[in-house]
Amino acid sequence: MTIGIFMTAAQSEKTMEQIISLCKRRGFIFPSSQVYGGLQGAYDFGPMGVELKRNLQQTWWRDMVYARQDMYGLDSSILTHQKTMHYSGHKDTFCDLMVDCRACKSRMRADHLDPDNPVCENCGLDDLTEPRPFNLMFKTNLGPVEDDASTAYLRPETAQAIFLNFKYVLDTQSPKLPFGIAQTGKAFRNEITPRHFIFRVREFEQMEIEFFVKPESSDYWHSYWVKERLNWWHAQGLSGDNLKLDVQPESDLAHYAKATTDILYRFPHGFEELEGVANRTDYDLASHSKNQDTLSPHAKVKENKDSTSKLAVQDPESKSWYIPYVIEPSAGLDRGMLAILSEAYTEETLDNGSDRIVLKLPAHLSPIKAAVIPLAKNKPELVAIAQTIQRQLQANLQGIVRLENSGNIGKNYRRHDEIGTPVCITVDFDTIEETTSDPKLVNTVTLRDRDSLSQERIPIEALTEHLRKKYFFYHYEGNRTDQ
Ligand code: ATP
């Protein structure tokens, strides 16, 4: 008998506590250094979390780099030269305003407080200090001597190294404008108040593109990337109702930006930024370039006496040099994961009266692609067939195919629902000639669909193709203008 779904709880009823609890229980995400009481603002990704995170990052790379002719990849160092952060402006301006509560000694971000009634987030009293800037960058020292000369930074964004490598990519790959450089990797910010699980942390991963364009076409490319990135998040299973755009007012723009549109997601704690798409103008390349004044006279940057490189391109017709503008779609991998987990988390009552939690993840993101379950663990013939199927699928599908050999099928279904496995494959007595009552069922297995709970019987030899077509065909077309 196939069990149906009677009732599904609404998106608005999902809470962060439910998601945190599932992540901990099922091996997705744990607080870092838990053995020593935890490290604030840092998390570790367990066996399920690392798969989900990699699947999301690899999907981004495939769709943003491999699928395009105008994109080049990069993997730069995390340790960053102090002059990079000086000329980028981060050393002076990458600050949040912080206030202290005189009563309970808590620290908090001034812009997180109600401007009409600023009170302490911890104790509720209004005995707060005046806001003062706090630089979010993590400093370190290179080598054994701790002095100013040895100071380096952990990058607060992956972007700066893309600007520093602009010339290197240009000289080695000979791209024509417009083109982009893409990078994913860790970034570090000493957030005053990390909060909302992996939404605001001190160590996180970004997926960033710096897309270099002619200055006069920068408005066009800015709108192009806002649309493109919004579409991509839709393709990762985020629904239209839970995504919206937010054009930043001029007063809120970062020091480098001419315009920024944020892509917001309805996280369990409310609509907040998932990705920012900024028009950074020629600010960064000009900041790091020698002879910047002759190349980009209007760039509002510090005079650079240290740079050895001219970060500019030559117009093929006029032969004059100019600094391209850059459009930056900058997404958080951790925030992306949290959005996808929030969207997928579902509580349902089945029509047999039981409740279940199920992660309705898109199949290409699921940590485990399929579970193969012999109905009885003490029947060696069933186990042997399940092992053969597992090996065959493992060789053909991208991701984990798990053999579940505990014999408790109900428990296996529950666990795989909670970690988002799209399909469970059961080898039962009908699969084997000597035990079946129906010869048509020999060498077939039952597929149980995670979302609909429907069951179908498929010949073993047709399994790989069937799963590929039904579950694992993912193709993102996007709006590529480069082909
Ligand atoms: P916020 O306003 O939320 O602090 P931001 O505008 O400073 O974010 P950006 O500098 O635009 O963020 O960084 C690009 C992306 O990096 C963000 O959209 C977000 O997804 C991610 N990100 C930034 N800070 C953090 C953080 N502390 N924890 C997790 N992800 C982050």
# chains A, B, ... in the order shown; residues from 1 in each chain; ligands from 1
>>> residues_near_ligand(ligand="ligand 1", cutoff="9 Å", atoms="only C-alpha atoms and all ligand atoms", output="NGL selection string")
:A and (41 or 96 or 156-157 or 187-191 or 194-195 or 198-208 or 254 or 260 or 262-264 or 272-278 or 329-336)
>>> residues_around(residues="Ile432 in chain A", least_positions_apart="5", cutoff="8 Å", atoms="only C-alpha atoms", output="PDB file with all heavy atoms, in the first residue's frame")
ATOM      1  N   GLU A 381      21.038 -13.554  -0.264  1.00  0.00           N
ATOM      2  CA  GLU A 381      20.778 -13.300  -1.693  1.00  0.00           C
ATOM      3  C   GLU A 381      20.314 -11.857  -1.902  1.00  0.00           C
ATOM      4  O   GLU A 381      20.715 -11.199  -2.851  1.00  0.00           O
ATOM      5  CB  GLU A 381      19.683 -14.243  -2.238  1.00  0.00           C
ATOM      6  CG  GLU A 381      20.042 -15.702  -2.185  1.00  0.00           C
ATOM      7  CD  GLU A 381      19.547 -16.344  -0.890  1.00  0.00           C
ATOM      8  OE1 GLU A 381      19.719 -15.726   0.183  1.00  0.00           O
ATOM      9  OE2 GLU A 381      19.008 -17.453  -0.950  1.00  0.00           O
ATOM     10  N   LEU A 382      19.460 -11.373  -0.992  1.00  0.00           N
ATOM     11  CA  LEU A 382      18.965  -9.989  -1.123  1.00  0.00           C
ATOM     12  C   LEU A 382      20.113  -9.004  -0.944  1.00  0.00           C
ATOM     13  O   LEU A 382      20.246  -8.030  -1.689  1.00  0.00           O
ATOM     14  CB  LEU A 382      17.887  -9.679  -0.072  1.00  0.00           C
ATOM     15  CG  LEU A 382      16.565 -10.427  -0.136  1.00  0.00           C
ATOM     16  CD1 LEU A 382      15.581  -9.841   0.872  1.00  0.00           C
ATOM     17  CD2 LEU A 382      15.973 -10.373  -1.526  1.00  0.00           C
ATOM     18  N   VAL A 442      10.622 -10.765 -11.066  1.00  0.00           N
ATOM     19  CA  VAL A 442      12.019 -11.210 -10.897  1.00  0.00           C
ATOM     20  C   VAL A 442      12.963 -10.173 -11.509  1.00  0.00           C
ATOM     21  O   VAL A 442      12.695  -9.626 -12.576  1.00  0.00           O
ATOM     22  CB  VAL A 442      12.231 -12.590 -11.574  1.00  0.00           C
ATOM     23  CG1 VAL A 442      13.701 -12.995 -11.518  1.00  0.00           C
ATOM     24  CG2 VAL A 442      11.366 -13.625 -10.902  1.00  0.00           C
ATOM     25  N   ASN A 443      14.039  -9.911 -10.770  1.00  0.00           N
ATOM     26  CA  ASN A 443      15.045  -8.923 -11.217  1.00  0.00           C
ATOM     27  C   ASN A 443      14.500  -7.503 -11.350  1.00  0.00           C
ATOM     28  O   ASN A 443      14.998  -6.698 -12.139  1.00  0.00           O
ATOM     29  CB  ASN A 443      15.696  -9.337 -12.540  1.00  0.00           C
ATOM     30  CG  ASN A 443      16.635 -10.502 -12.330  1.00  0.00           C
ATOM     31  OD1 ASN A 443      17.230 -10.624 -11.254  1.00  0.00           O
ATOM     32  ND2 ASN A 443      16.735 -11.361 -13.323  1.00  0.00           N
TER      33      ASN A 443
END
>>> residues_around(residues="Gln248 in chain A", least_positions_apart="2", cutoff="7 Å", atoms="only C-alpha atoms", output="list in words")
Asp246, Glu250, Asp252, Leu253, Thr260 and Thr261 of chain A
>>> residues_around(residues="Leu467 in chain A", least_positions_apart="2", cutoff="10 Å", atoms="only C-alpha atoms", output="list of chain:residue names")
A:Lys369, A:Ala370, A:Leu393, A:Leu397, A:Pro422, A:Val423, A:Leu447, A:Ala462, A:Leu463, A:Thr464, A:Glu465, A:Lys469, A:Lys470, A:Tyr471, A:Phe472, A:Phe473
>>> closest_residue(among="A:Asp293, A:Val372, A:Ile419, A:Thr446", to="Gln392 in chain A", atoms="only C-alpha atoms")
A:Val372
>>> closest_residue(among="A:Gly73, A:Gly270, A:Gly38, A:Gly420", to="Ile209 in chain A", atoms="only C-alpha atoms")
A:Gly73
>>> select_by_dssp(residues="range 153-205 of chain A", states="alpha helix (DSSP H)", output="list in words")
Ala159, Gln160, Ala161, Ile162, Phe163, Leu164, Phe166, Lys167, Tyr168, Val169, Leu170, Asp171, Thr172 and Gln173 of chain A
>>> closest_atom_pairs(of="range 269-373 of chain A", to="range 83-90 of chain A", cutoff="12 Å", atoms="only C-alpha atoms", output="Markdown table")
| residue | atom | partner | partner_atom | distance |
| --- | --- | --- | --- | --- |
| A:Arg280 | CA | A:Ser88 | CA | 11.5 |
| A:Asp282 | CA | A:Ser88 | CA | 11.6 |
| A:Tyr283 | CA | A:Ser88 | CA | 8.3 |
| A:Asp284 | CA | A:Ser88 | CA | 6.2 |
| A:Leu285 | CA | A:Ser88 | CA | 9.0 |
| A:Ala286 | CA | A:Ser88 | CA | 9.4 |
| A:Ser287 | CA | A:Tyr87 | CA | 5.7 |
| A:His288 | CA | A:Tyr87 | CA | 6.3 |
| A:Ser289 | CA | A:Tyr87 | CA | 9.5 |
| A:Lys290 | CA | A:Tyr87 | CA | 11.5 |
| A:Lys300 | CA | A:Gly89 | CA | 10.8 |
| A:Val301 | CA | A:Tyr87 | CA | 7.8 |
| A:Lys302 | CA | A:Tyr87 | CA | 6.7 |
| A:Glu303 | CA | A:Tyr87 | CA | 8.7 |
| A:Asn304 | CA | A:Tyr87 | CA | 7.4 |
| A:Lys305 | CA | A:Tyr87 | CA | 10.2 |
| A:Asp306 | CA | A:Lys83 | CA | 8.1 |
| A:Ser307 | CA | A:Lys83 | CA | 9.1 |
>>> atom_distance(atom1="CA of Gly4 in chain A", atom2="CA of Leu453 in chain A")
6.5 Å
>>> atom_distance(atom1="CA of Gly185 in chain A", atom2="CA of Met64 in chain A")
14.9 Å
>>> decode(residues="range 380-395 of chain A", atoms="N, CA, C and O atoms", output="short mmCIF file (atom, residue, chain, number, x, y, z; two decimals), in the first residue's frame")
data_model
loop_
_atom_site.label_atom_id
_atom_site.label_comp_id
_atom_site.auth_asym_id
_atom_site.auth_seq_id
_atom_site.Cartn_x
_atom_site.Cartn_y
_atom_site.Cartn_z
N PRO A 380 21.09 -13.56 2.57
CA PRO A 380 22.29 -13.17 1.82
C PRO A 380 22.02 -12.87 0.35
O PRO A 380 22.67 -12.01 -0.24
N GLU A 381 21.04 -13.55 -0.26
CA GLU A 381 20.78 -13.30 -1.69
C GLU A 381 20.31 -11.86 -1.90
O GLU A 381 20.71 -11.20 -2.85
N LEU A 382 19.46 -11.37 -0.99
CA LEU A 382 18.96 -9.99 -1.12
C LEU A 382 20.11 -9.00 -0.94
O LEU A 382 20.25 -8.03 -1.69
N VAL A 383 20.95 -9.27 0.06
CA VAL A 383 22.07 -8.36 0.36
C VAL A 383 23.03 -8.33 -0.83
O VAL A 383 23.49 -7.26 -1.24
N ALA A 384 23.28 -9.51 -1.44
CA ALA A 384 24.22 -9.56 -2.57
C ALA A 384 23.69 -8.74 -3.75
O ALA A 384 24.44 -8.00 -4.40
N ILE A 385 22.40 -8.85 -4.01
CA ILE A 385 21.83 -8.06 -5.13
C ILE A 385 21.93 -6.56 -4.81
O ILE A 385 22.31 -5.74 -5.66
N ALA A 386 21.62 -6.22 -3.55
CA ALA A 386 21.69 -4.79 -3.15
C ALA A 386 23.11 -4.26 -3.31
O ALA A 386 23.32 -3.13 -3.78
N GLN A 387 24.09 -5.09 -2.95
CA GLN A 387 25.50 -4.65 -3.08
C GLN A 387 25.86 -4.40 -4.54
O GLN A 387 26.51 -3.43 -4.88
N THR A 388 25.41 -5.30 -5.40
CA THR A 388 25.71 -5.14 -6.84
C THR A 388 25.07 -3.85 -7.37
O THR A 388 25.69 -3.08 -8.11
N ILE A 389 23.83 -3.61 -6.97
CA ILE A 389 23.13 -2.39 -7.44
C ILE A 389 23.87 -1.15 -6.92
O ILE A 389 24.09 -0.19 -7.66
N GLN A 390 24.26 -1.19 -5.63
CA GLN A 390 24.95 -0.03 -5.06
C GLN A 390 26.22 0.28 -5.84
O GLN A 390 26.47 1.42 -6.21
N ARG A 391 26.99 -0.76 -6.15
CA ARG A 391 28.27 -0.55 -6.87
C ARG A 391 28.02 0.01 -8.26
O ARG A 391 28.70 0.91 -8.72
N GLN A 392 27.00 -0.54 -8.89
CA GLN A 392 26.69 -0.10 -10.27
C GLN A 392 26.27 1.37 -10.27
O GLN A 392 26.73 2.17 -11.08
N LEU A 393 25.40 1.74 -9.32
CA LEU A 393 24.93 3.14 -9.28
C LEU A 393 26.06 4.07 -8.86
O LEU A 393 26.20 5.17 -9.38
N GLN A 394 26.87 3.61 -7.91
CA GLN A 394 27.97 4.45 -7.43
C GLN A 394 28.91 4.82 -8.58
O GLN A 394 29.43 5.93 -8.65
N ALA A 395 29.10 3.88 -9.49
CA ALA A 395 30.00 4.15 -10.61
C ALA A 395 29.37 5.10 -11.63
O ALA A 395 30.07 5.68 -12.45
#
